[in-house]
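J.: Sharing start.txt below, compact mmCIF, C-alpha atoms:
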```txt
# COMPACT_ATOMS: atom_id res chain seq x y z
CA MET A 636 -8.79 59.34 -22.20
CA SER A 637 -7.66 59.83 -18.63
CA ALA A 638 -10.94 58.47 -17.36
CA ILE A 639 -10.51 55.35 -19.49
CA THR A 640 -6.96 54.94 -18.30
CA THR A 641 -8.04 55.26 -14.71
CA ALA A 642 -10.82 52.73 -15.16
CA ASP A 643 -8.48 50.24 -16.83
CA ARG A 644 -5.77 50.59 -14.22
CA PRO A 645 -6.18 48.11 -11.34
CA VAL A 646 -7.48 49.91 -8.27
CA ARG A 647 -6.26 48.54 -4.96
CA ARG A 648 -9.44 48.12 -2.99
CA HIS A 649 -8.68 44.97 -1.06
CA GLY A 650 -5.93 45.79 1.40
CA TRP A 651 -5.65 45.11 5.11
CA LEU A 652 -8.34 47.62 6.06
CA GLN A 653 -10.86 45.90 3.81
CA ALA A 654 -9.79 42.51 5.18
CA VAL A 655 -10.37 43.73 8.74
CA ALA A 656 -13.82 44.97 7.74
CA THR A 657 -14.62 41.61 6.10
CA VAL A 658 -13.64 39.55 9.12
CA LEU A 659 -15.30 41.85 11.63
CA ALA A 660 -18.52 41.94 9.62
CA ALA A 661 -18.64 38.14 9.45
CA LEU A 662 -17.90 37.57 13.14
CA VAL A 663 -20.32 40.28 14.28
CA ALA A 664 -23.10 38.91 12.07
CA MET A 665 -22.58 35.39 13.40
CA LEU A 666 -22.46 36.63 17.00
CA VAL A 667 -25.70 38.59 16.54
CA VAL A 668 -27.51 35.57 15.10
CA ALA A 669 -26.17 33.37 17.91
CA VAL A 670 -27.25 35.90 20.56
CA LEU A 671 -30.78 36.12 19.20
CA GLY A 672 -31.10 32.37 18.74
CA LEU A 673 -29.80 31.49 22.19
CA TRP A 674 -31.90 34.20 23.78
CA ALA A 675 -35.00 32.77 22.10
CA ALA A 676 -33.95 29.33 23.36
CA GLY A 677 -33.80 30.61 26.95
CA ALA A 678 -30.03 30.51 27.34
CA ALA A 679 -30.04 34.00 28.85
CA ARG A 680 -31.13 32.34 32.11
CA LEU A 681 -27.92 30.33 32.39
CA PRO A 682 -26.26 30.75 35.81
CA ASP A 683 -22.99 32.47 36.60
CA GLY A 684 -23.20 34.82 33.63
CA ALA A 685 -22.48 32.01 31.18
CA PHE A 686 -24.65 33.38 28.38
CA ALA A 687 -21.95 35.48 26.70
CA ARG A 688 -19.46 32.59 26.75
CA VAL A 689 -22.07 30.22 25.33
CA VAL A 690 -22.69 32.67 22.48
CA VAL A 691 -18.98 32.73 21.66
CA ALA A 692 -18.82 28.92 21.84
CA THR A 693 -21.75 28.72 19.42
CA VAL A 694 -19.86 30.77 16.84
CA VAL A 695 -16.77 28.61 17.37
CA THR A 696 -18.71 25.42 16.71
CA ALA A 697 -20.41 27.00 13.67
CA VAL A 698 -17.08 27.02 11.82
CA GLY A 699 -16.16 23.49 12.85
CA GLY A 700 -14.38 24.27 16.10
CA GLY A 701 -14.51 21.87 19.00
CA VAL A 702 -15.93 22.52 22.45
CA GLU A 703 -14.99 20.11 25.21
CA LEU A 704 -17.33 19.61 28.16
CA SER A 705 -16.16 18.75 31.64
CA GLY A 706 -17.90 18.02 34.92
CA ASN A 707 -17.00 18.23 38.58
CA ALA A 708 -19.24 16.96 41.36
CA GLY A 709 -16.85 16.38 44.23
CA ALA A 710 -15.24 13.22 45.55
CA PHE A 711 -18.50 11.27 45.92
CA ALA A 712 -19.98 11.96 42.53
CA GLU A 713 -19.28 11.44 38.89
CA THR A 714 -20.24 13.45 35.83
CA ARG A 715 -19.92 12.73 32.16
CA ALA A 716 -20.64 15.11 29.32
CA GLY A 717 -19.98 15.54 25.61
CA LEU A 718 -21.21 17.75 22.80
CA ALA A 719 -20.71 17.72 19.03
CA VAL A 720 -23.06 19.82 16.90
CA VAL A 721 -22.69 22.51 14.23
CA PRO A 722 -25.30 25.32 14.40
CA LEU A 723 -25.73 25.61 10.66
CA SER A 724 -27.91 28.73 10.67
CA VAL A 725 -25.03 30.65 12.24
CA ALA A 726 -22.59 29.07 9.80
CA LEU A 727 -24.80 29.97 6.83
CA VAL A 728 -24.86 33.64 7.84
CA GLY A 729 -21.07 33.57 8.01
CA VAL A 730 -20.88 32.01 4.55
CA PHE A 731 -22.98 34.81 3.02
CA VAL A 732 -21.08 37.63 4.73
CA VAL A 733 -17.57 36.27 4.13
CA GLY A 734 -18.31 35.23 0.56
CA GLY A 735 -19.99 38.51 -0.36
CA ALA A 736 -17.29 40.67 1.21
CA PHE A 737 -14.54 38.60 -0.42
CA LEU A 738 -16.04 38.98 -3.90
CA ARG A 739 -17.09 42.62 -3.71
CA PRO A 740 -13.71 44.26 -4.49
CA LEU A 741 -12.97 41.69 -7.20
CA ARG A 742 -15.98 42.34 -9.40
CA ARG A 743 -15.84 44.43 -12.59
CA ARG A 744 -12.04 44.46 -12.75
CA GLN A 745 -9.43 43.57 -15.27
CA PRO A 746 -8.36 39.88 -15.09
CA LEU A 747 -6.75 39.30 -11.74
CA ARG A 748 -3.20 38.16 -11.26
CA ALA A 749 -2.79 34.96 -9.28
CA GLY A 750 -0.64 36.73 -6.69
CA GLU A 751 -3.19 39.48 -6.24
CA LEU A 752 -6.01 37.01 -5.64
CA ALA A 753 -3.88 34.91 -3.27
CA GLY A 754 -2.79 38.00 -1.34
CA TRP A 755 -6.37 39.16 -0.82
CA ALA A 756 -7.41 35.71 0.39
CA ALA A 757 -4.33 35.44 2.64
CA ARG A 758 -5.12 38.76 4.36
CA ILE A 759 -8.60 37.57 5.17
CA ALA A 760 -7.29 34.19 6.34
CA VAL A 761 -4.73 35.68 8.73
CA LEU A 762 -7.23 38.00 10.37
CA TRP A 763 -9.91 35.30 10.38
CA LEU A 764 -7.68 32.88 12.25
CA LEU A 765 -6.66 35.56 14.75
CA GLY A 766 -10.32 36.35 15.37
CA LEU A 767 -11.24 32.69 15.79
CA ALA A 768 -8.34 32.10 18.15
CA GLY A 769 -9.52 35.00 20.30
CA LEU A 770 -13.07 33.67 20.36
CA ALA A 771 -11.86 30.17 21.20
CA LEU A 772 -9.83 31.48 24.14
CA ALA A 773 -12.90 33.33 25.41
CA ALA A 774 -15.23 30.34 24.96
CA ARG A 775 -14.77 28.75 28.37
CA GLN A 776 -17.02 28.75 31.41
CA THR A 777 -17.99 26.68 34.43
CA PHE A 778 -21.39 26.94 36.07
CA ALA A 779 -23.46 25.07 38.61
CA VAL A 780 -26.09 22.49 37.63
CA ASP A 781 -29.33 22.67 39.60
CA ILE A 782 -30.52 19.14 40.39
CA GLY A 783 -33.41 20.32 42.50
CA SER A 784 -34.52 19.12 45.92
CA GLY A 785 -34.95 15.61 47.21
CA VAL A 786 -32.56 12.83 48.12
CA LEU A 787 -29.91 13.72 45.55
CA GLY A 788 -30.09 17.38 46.47
CA ASP A 789 -29.60 16.54 50.14
CA LEU A 790 -26.69 14.23 49.36
CA THR A 791 -24.88 16.78 47.24
CA GLY A 792 -25.19 19.30 50.03
CA LEU A 793 -24.09 16.80 52.66
CA PHE A 794 -20.97 15.71 50.82
CA ASP A 795 -20.24 19.07 49.20
CA SER A 796 -20.60 17.49 45.78
CA ALA A 797 -22.80 20.01 43.99
CA PRO A 798 -22.31 19.29 40.30
CA ARG A 799 -20.72 21.85 38.04
CA LEU A 800 -20.54 21.67 34.27
CA GLY A 801 -17.89 23.46 32.26
CA PHE A 802 -16.90 23.87 28.66
CA ALA A 803 -13.81 25.10 26.88
CA ALA A 804 -13.10 25.50 23.20
CA ASP A 805 -10.32 23.46 21.64
CA VAL A 806 -8.15 26.26 20.23
CA PRO A 807 -5.95 24.21 17.83
CA ARG A 808 -8.96 22.40 16.38
CA THR A 809 -10.87 25.65 16.05
CA VAL A 810 -8.00 27.26 14.13
CA LEU A 811 -7.54 24.23 11.85
CA PHE A 812 -11.19 23.64 11.01
CA GLY A 813 -11.86 27.37 10.89
CA LEU A 814 -9.20 27.64 8.18
CA LEU A 815 -10.74 24.74 6.23
CA TRP A 816 -14.15 26.37 6.60
CA LEU A 817 -12.82 29.66 5.23
CA VAL A 818 -11.05 27.99 2.30
CA GLY A 819 -14.27 26.17 1.41
CA VAL A 820 -16.28 29.40 1.55
CA LEU A 821 -13.82 31.34 -0.63
CA VAL A 822 -13.60 28.56 -3.22
CA LEU A 823 -17.39 28.27 -3.30
CA ALA A 824 -17.71 32.05 -3.71
CA LEU A 825 -15.33 32.04 -6.69
CA LEU A 826 -17.14 29.12 -8.29
CA VAL A 827 -20.62 30.66 -8.15
CA SER A 828 -19.70 34.25 -8.99
CA PRO A 829 -19.88 35.17 -12.69
CA GLY A 830 -18.37 38.64 -12.29
CA VAL A 831 -14.87 37.83 -11.06
CA PRO A 832 -12.19 37.61 -13.79
CA LEU A 833 -10.02 34.75 -12.57
CA PRO A 834 -6.37 34.31 -13.58
CA GLY A 835 -4.75 31.52 -15.61
CA ARG A 836 -6.82 28.45 -16.39
CA LEU A 837 -9.28 29.05 -13.56
CA PRO A 838 -11.94 30.58 -15.87
CA ARG A 839 -12.18 27.29 -17.75
CA LEU A 840 -12.65 25.39 -14.49
CA GLN A 841 -15.22 27.93 -13.34
CA GLU A 842 -17.12 27.66 -16.60
CA SER A 843 -17.48 23.89 -16.31
CA ALA A 844 -18.17 23.71 -12.57
CA ARG A 845 -20.19 26.86 -11.92
CA PRO A 846 -23.58 25.80 -13.35
CA ALA A 847 -23.75 22.58 -11.30
CA VAL A 848 -22.44 24.24 -8.13
CA LEU A 849 -24.84 27.15 -8.51
CA ALA A 850 -27.76 24.75 -9.08
CA VAL A 851 -26.99 22.67 -5.97
CA VAL A 852 -26.52 25.81 -3.85
CA ALA A 853 -29.92 27.00 -5.07
CA LEU A 854 -31.37 23.60 -4.16
CA LEU A 855 -30.00 23.80 -0.62
CA LEU A 856 -31.27 27.35 -0.17
CA ALA A 857 -34.68 26.29 -1.50
CA TYR A 858 -34.90 23.68 1.25
CA VAL A 859 -33.94 26.31 3.82
CA ALA A 860 -36.65 28.62 2.46
CA LEU A 861 -39.22 25.83 2.66
CA GLY A 862 -38.10 25.20 6.22
CA VAL A 863 -38.60 28.84 7.11
CA VAL A 864 -42.12 28.86 5.67
CA THR A 865 -43.02 25.59 7.41
CA ALA A 866 -41.65 26.81 10.74
CA LEU A 867 -43.50 30.13 10.57
CA VAL A 868 -46.78 28.47 9.62
CA THR A 869 -46.37 25.95 12.44
CA ALA A 870 -45.62 28.74 14.92
CA ALA A 871 -48.67 30.68 13.78
CA VAL A 872 -50.96 27.65 14.11
CA ARG A 873 -49.55 25.92 17.18
CA GLY A 874 -47.70 28.67 19.00
CA HIS A 875 -44.25 28.13 20.58
CA GLY A 876 -42.92 31.20 18.81
CA ALA A 877 -39.74 31.47 20.90
CA ASP A 878 -38.77 27.87 20.21
CA THR A 879 -39.47 28.35 16.50
CA PHE A 880 -37.24 31.40 16.25
CA ALA A 881 -34.53 29.60 18.19
CA VAL A 882 -34.58 26.87 15.56
CA LEU A 883 -34.58 29.38 12.69
CA LEU A 884 -31.63 31.30 14.07
CA LEU A 885 -29.54 28.37 15.26
CA GLY A 886 -30.23 25.17 13.38
CA LEU A 887 -32.77 25.36 10.58
CA PRO A 888 -30.37 23.82 8.00
CA ASN A 889 -29.71 21.05 10.55
CA LEU A 890 -33.29 19.99 9.84
CA ALA A 891 -33.83 21.12 6.25
CA TRP A 892 -30.75 19.55 4.69
CA PRO A 893 -31.10 16.12 6.33
CA ALA A 894 -34.73 16.28 5.12
CA LEU A 895 -33.33 16.59 1.59
CA THR A 896 -31.20 13.49 2.09
CA VAL A 897 -34.15 11.55 3.53
CA GLY A 898 -36.22 12.54 0.51
CA LEU A 899 -33.44 11.12 -1.68
CA GLY A 900 -33.65 7.83 0.20
CA ALA A 901 -30.94 8.25 2.84
CA THR A 902 -31.13 6.67 6.29
CA TRP A 903 -30.14 8.30 9.57
CA HIS A 904 -29.88 6.75 13.02
CA GLY A 905 -30.59 8.53 16.26
CA ARG A 906 -31.82 8.50 19.80
CA VAL A 907 -33.34 11.00 22.20
CA ASP A 908 -33.34 10.20 25.90
CA GLY A 909 -33.82 12.15 29.10
CA PRO A 910 -34.38 15.90 29.30
CA PHE A 911 -32.90 16.52 25.86
CA GLY A 912 -35.32 17.57 23.19
CA LEU A 913 -34.76 18.14 19.53
CA PRO A 914 -35.84 21.47 17.99
CA MET A 915 -37.71 19.63 15.28
CA PRO A 916 -41.20 18.44 14.36
CA HIS A 917 -42.89 16.22 16.88
CA ILE A 918 -42.81 13.25 14.51
CA LEU A 919 -39.01 13.09 14.68
CA ASP A 920 -39.04 13.14 18.44
CA GLU A 921 -41.50 10.24 18.39
CA VAL A 922 -39.32 8.21 16.04
CA LEU A 923 -36.10 8.85 17.95
CA ARG A 924 -37.30 8.67 21.56
CA THR A 925 -36.92 4.90 21.93
CA PRO A 926 -34.92 2.63 24.29
CA GLY A 927 -32.35 1.95 21.59
CA VAL A 928 -30.97 3.66 18.52
CA SER A 929 -33.76 4.22 15.99
CA THR A 930 -33.74 4.22 12.22
CA LEU A 931 -34.86 7.41 10.53
CA ASN A 932 -35.91 7.23 6.88
CA LEU A 933 -38.99 7.75 4.73
CA ARG A 934 -40.55 4.45 5.76
CA THR A 935 -40.16 4.91 9.53
CA LEU A 936 -41.36 8.50 9.34
CA ALA A 937 -44.38 7.54 7.25
CA GLU A 938 -45.33 4.89 9.80
CA HIS A 939 -45.86 7.70 12.31
CA ASP A 940 -47.22 10.32 9.93
CA GLY A 941 -48.14 9.83 6.28
CA ARG A 942 -47.23 13.43 5.51
CA ALA A 943 -43.59 12.34 5.56
CA TRP A 944 -44.03 11.27 1.94
CA TRP A 945 -44.03 14.96 1.05
CA LEU A 946 -40.25 14.77 1.52
CA LEU A 947 -40.13 12.48 -1.51
CA VAL A 948 -42.44 14.79 -3.45
CA ALA A 949 -40.21 17.76 -2.64
CA ALA A 950 -37.14 15.88 -3.88
CA VAL A 951 -38.92 14.80 -7.09
CA VAL A 952 -39.84 18.42 -7.83
CA LEU A 953 -36.82 20.38 -6.60
CA VAL A 954 -33.92 18.17 -7.69
CA PRO A 955 -34.96 18.14 -11.40
CA ALA A 956 -35.69 21.87 -11.13
CA ALA A 957 -32.12 22.41 -9.94
CA ALA A 958 -30.87 20.29 -12.84
CA LEU A 959 -32.80 22.48 -15.29
CA LEU A 960 -31.24 25.55 -13.70
CA MET A 961 -27.82 23.99 -14.25
CA VAL A 962 -28.63 23.32 -17.90
CA ALA A 963 -29.89 26.88 -18.38
CA ARG A 964 -26.61 28.23 -17.02
CA SER A 965 -24.39 25.88 -19.03
CA PRO A 966 -22.84 26.43 -22.47
CA ALA A 967 -25.00 25.07 -25.27
CA ARG A 968 -22.28 22.68 -26.39
CA VAL A 969 -22.49 20.59 -23.18
CA ARG A 970 -24.05 17.19 -23.83
CA ALA A 971 -26.70 15.44 -21.75
CA TRP A 972 -24.28 12.87 -20.30
CA GLN A 973 -21.94 15.68 -19.24
CA HIS A 974 -24.81 17.45 -17.49
CA ALA A 975 -25.60 14.20 -15.73
CA LEU A 976 -22.02 13.69 -14.60
CA HIS A 977 -21.54 17.26 -13.40
CA PHE A 978 -24.80 17.32 -11.45
CA ALA A 979 -24.20 13.87 -9.93
CA VAL A 980 -20.73 14.80 -8.67
CA VAL A 981 -21.76 18.11 -7.13
CA LEU A 982 -24.96 16.73 -5.56
CA ALA A 983 -23.04 13.77 -4.11
CA VAL A 984 -20.42 16.11 -2.63
CA ALA A 985 -23.17 18.29 -1.15
CA VAL A 986 -24.84 15.28 0.49
CA LEU A 987 -21.46 14.12 1.83
CA VAL A 988 -20.94 17.54 3.44
CA ILE A 989 -24.47 17.44 4.89
CA CYS A 990 -23.78 14.03 6.41
CA LEU A 991 -20.52 15.26 7.95
CA VAL A 992 -21.79 18.53 9.40
CA GLY A 993 -25.33 17.35 10.22
CA ARG A 994 -24.26 14.85 12.87
CA ILE A 995 -25.38 15.55 16.42
CA SER A 996 -24.00 13.99 19.56
CA ALA A 997 -24.73 15.25 23.06
CA HIS A 998 -24.87 13.54 26.43
CA TYR A 999 -24.74 14.42 30.10
CA GLY A 1000 -24.93 12.27 33.19
CA LEU A 1001 -24.59 12.52 36.97
CA SER A 1002 -24.18 9.90 39.66
CA VAL A 1003 -23.91 10.58 43.39
CA LEU A 1004 -22.82 7.61 45.53
CA GLY A 1005 -24.22 5.37 42.84
CA ILE A 1006 -27.63 7.04 43.03
CA GLY A 1007 -28.69 8.30 39.66
CA ASP A 1008 -26.36 5.85 37.91
CA LEU A 1009 -25.87 8.38 35.13
CA GLY A 1010 -29.51 7.88 34.22
CA GLY A 1011 -32.99 8.99 35.05
CA GLY A 1012 -33.78 12.67 35.08
CA LEU A 1013 -30.12 13.56 35.72
CA SER A 1014 -28.87 12.40 32.35
CA GLY A 1015 -29.72 12.69 28.72
CA GLU A 1016 -28.52 11.65 25.32
CA LEU A 1017 -29.08 13.13 21.90
CA LEU A 1018 -27.70 11.28 18.89
CA LEU A 1019 -28.18 11.70 15.14
CA ARG A 1020 -25.86 10.17 12.56
CA PRO A 1021 -26.28 9.14 8.91
CA ASP A 1022 -25.38 6.13 6.81
CA VAL A 1023 -22.93 8.24 4.87
CA TRP A 1024 -21.91 6.29 1.78
CA PRO A 1025 -25.34 4.90 0.91
CA ALA A 1026 -26.64 8.48 1.12
CA VAL A 1027 -23.87 9.73 -1.16
CA GLY A 1028 -24.53 6.89 -3.62
CA ARG A 1029 -28.24 7.65 -3.77
CA ALA A 1030 -27.51 11.34 -4.32
CA ALA A 1031 -25.21 10.44 -7.21
CA VAL A 1032 -27.95 8.34 -8.81
CA TRP A 1033 -30.50 11.15 -8.43
CA GLY A 1034 -27.97 13.56 -9.89
CA LEU A 1035 -27.27 11.35 -12.89
CA VAL A 1036 -30.96 10.90 -13.69
CA ALA A 1037 -31.97 14.52 -13.10
CA GLY A 1038 -28.94 15.90 -14.93
CA PHE A 1039 -29.47 13.64 -17.95
CA LEU A 1040 -33.18 14.48 -18.17
CA GLY A 1041 -32.34 18.17 -17.87
CA GLY A 1042 -29.87 17.83 -20.72
CA LEU A 1043 -32.45 16.12 -22.90
CA LEU A 1044 -35.04 18.84 -22.20
CA ALA A 1045 -32.62 21.65 -22.93
CA ARG A 1046 -33.11 21.71 -26.70
CA PRO A 1047 -36.93 21.61 -26.92
CA LEU A 1048 -37.26 24.11 -24.12
CA HIS A 1049 -34.59 26.39 -25.63
CA ARG A 1050 -33.02 26.72 -22.17
CA ARG A 1051 -29.44 26.95 -23.24
CA GLY A 1052 -26.91 28.58 -20.98
CA GLY A 1053 -25.99 32.23 -20.91
CA THR A 1054 -22.44 31.67 -19.69
CA GLY A 1055 -20.87 29.73 -22.51
CA PRO A 1056 -18.60 31.19 -25.17
CA GLU A 1057 -20.82 29.97 -28.01
CA ARG A 1058 -23.71 32.16 -26.94
CA ARG A 1059 -21.47 35.13 -26.36
CA VAL A 1060 -20.15 34.80 -29.90
CA ARG A 1061 -23.69 34.65 -31.29
CA ARG A 1062 -24.61 37.79 -29.32
CA ARG A 1063 -21.78 39.67 -30.98
```
Just dump the structure as structure tokens.
T.:
Amino acid sequence: MSAITTADRPVRRHGWLQAVATVLAALVAMLVVAVLGLWAAGAARLPDGAFARVVVATVVTAVGGGVELSGNAGAFAETRAGLAVVPLSVALVGVFVVGGAFLRPLRRRQPLRAGELAGWAARIAVLWLLGLAGLALAARQTFAVDIGSGVLGDLTGLFDSAPRLGFAADVPRTVLFGLLWLVGVLVLALLVSPGVPLPGRLPRLQESARPAVLAVVALLLAYVALGVVTALVTAAVRGHGADTFAVLLLGLPNLAWPALTVGLGATWHGRVDGPFGLPMPHILDEVLRTPGVSTLNLRTLAEHDGRAWWLLVAAVVLVPAAALLMVARSPARVRAWQHALHFAVVLAVAVLVICLVGRISAHYGLSVLGIGDLGGGLSGELLLRPDVWPAVGRAAVWGLVAGFLGGLLARPLHRRGGTGPERRVRRR
């Protein structure tokens, strides 16, 4: 009897110590991934010991924080620089660690009280924001830019205008977007976890939303897995192992998830100019390295390489498969049109998030006494941005069709959900 009483009594296993462990585990995991990815990319050779600060800045940007670039080249020169990119591989590692650590003490418990759940989340949030603020304060560095020998090199020496490039994290933005990132991760973790007894009316919301959210998360992870396989095969066949691992550890979802949107019919616009290079297949570099802003979609990719149509094939196979997974996890009473609506909403939201976090904007330029004119080999531009709302609309259409077909196939395939109350009653 005492053992039963002890098991039924809520055990406090999510205090401040556990919150500290959660935040430290997440930050350390993200830092390790960033270190390995940047090392593979050659960032360890950065001058003035900037590598450690660049690693910290990478983690800051992975949670939505801002990093401002600045340049200084003396009185006779001008520099311009800007950077906006989210290293999604680092962010994805943080999502797994934070989400898993947040859910672990909540599983296999009596139904939680709202205050208990809010307190556990608040502890993590407070420590998370303190950790991010510390990283943002440390993410600042200034180092020299080597422009080589020649006329410009002689001029910079003559006029004491050797260019220096610096960066500093925007602390308020990092704290704000880091909090939004954390809230999104915790909400997502609660939605996809079947073993957490939520308080109040939240179980009903979880029951209706969880199958579609879980299916879309599985779809996104499937694209990441395909990207890993493709990258490893490419590295084995063509070499460039260091570059491949840099992509895997820093920005694989930056390629895999836009590939999903392109397969759904979305259009992106971009440009690559100067010394910048994209860690992506050569076909994308060919499409984007043009005098003006290029259009990136299935048609333009296929004009350079017919294998681009495999993106459409992947979408045709994986999106309906995700819809079937949703149907299998849904209560048997859910109708086909409800499956369609749920899947369309969640897939559209996922594509909207991809469009927002998948943007890339980077530029750098130097001019000395008008020579260089912020162009040539001393400047570069990297741009990638989507047509957001057409992409979201197409995702909604795909979701409606795939969800409805999945609902229609549920009965003949006997793939009814294992989470609904009807099936639990039948099991009893």
J.: As a ChimeraX atom specification, please: the residues near His974 in chain A (cut-off 9 Å, all atoms listed in the file, same-chain neighbours under 5 positions excluded).
T.: /A:847,958,961-962,965,969,979,1035,1037-1042
J.: Here is a test: counting all atoms listed in the file, which residue of A:Trp1024, A:Phe978, A:Phe880, A:Trp755 is nearest to Ala675 in chain A?
T.: A:Phe880
J.: So how far away is CA of Leu991 in chain A from CA of Thr865 in chain A, in Å?
T.: 24.8 Å
J.: Residues within 6 Å of range 694-697 of chain A, please, as a PyMOL selection string. Count all atoms listed in the file; anything in the same chain fewer than 4 positions from it doesn't count.
T.: chain A and resi 701+721-722+726
J.: Which centre and edge lengths in Å to one decimal define the box along x, y and z that fits every listed atom of range 984-999 of chain A plus 6 Å per side, as AutoDock Vina command-line options?
T.:
```
--center_x -22.9 --center_y 16.0 --center_z 13.7 --size_x 17.0 --size_y 17.0 --size_z 44.7
```
J.: Ranking A:Pro1025, A:Gly766, A:Gly717, A:Gly677 by minimum distance to Ala901 in chain A and counting all atoms listed in the file, which one comes first?
T.: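 Closest to Ala901 in chain A, using all atoms listed in the file: A:Pro1025.
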J.: Have a look at CA of Val670 in chain A and CA of Ala824 in chain A and let me know their distance in Å, one decimal.
T.: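 CA of Ala824 in chain A lies 26.4 Å from CA of Val670 in chain A.
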J.: Write out as a compact mmCIF listing (two decimals) with C-alpha atoms, in the frame of the given file each polymer residue whose atoms come within 6 Å of range 884-896 of chain A, counting all atoms listed in the file; drop sequence neighbours fewer than 5 positions from it.
T.:
```
# COMPACT_ATOMS: atom_id res chain seq x y z
CA GLY A 672 -31.10 32.37 18.74
CA PRO A 722 -25.30 25.32 14.40
CA LEU A 723 -25.73 25.61 10.66
CA SER A 724 -27.91 28.73 10.67
CA VAL A 725 -25.03 30.65 12.24
CA TYR A 858 -34.90 23.68 1.25
CA VAL A 859 -33.94 26.31 3.82
CA GLY A 862 -38.10 25.20 6.22
CA ALA A 901 -30.94 8.25 2.84
CA GLY A 993 -25.33 17.35 10.22
```
J.: Report, in Å to a single decimal, how far apart CA of Ala844 in chain A and CA of Leu976 in chain A are.
T.: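 Going from CA of Leu976 in chain A over to CA of Ala844 in chain A, I get 10.9 Å.
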J.: Kindly indicate which residue among A:Ala975, A:Ala963, A:Cys990, A:Leu823 lies nearest to Val1036 in chain A, using all atoms listed in the file for the distances.
T.: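 Once distances to Val1036 in chain A are computed over all atoms listed in the file, the minimum belongs to A:Ala975.
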J.: Which residues, written as a ChimeraX atom specification, have at least one atom at most 6 Å from Leu1019 in chain A, with all atoms listed in the file counted and residues fewer than 2 positions away on the same chain left out?
T.: /A:904-905,994-995
J.: Using only C-alpha atoms, find the one residue out of A:Val691, A:Val728, A:Ala967, A:Leu815 that sits nearest to Ala1045 in chain A.
T.: A:Ala967
J.: Calculated over all atoms listed in the file, which of the candidates A:Pro832, A:Pro807, A:Gly801, A:Gly876 has the smallest distance to Gly699 in chain A?
T.: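 Nearest to Gly699 in chain A: A:Pro807.
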J.: Can you pull out the residues contacting Pro834 in chain A? Cut-off 8 Å, using all atoms listed in the file, and skip same-chain residues under 4 positions away; I want them as a PyMOL selection string.
T.: chain A and resi 746-749+838
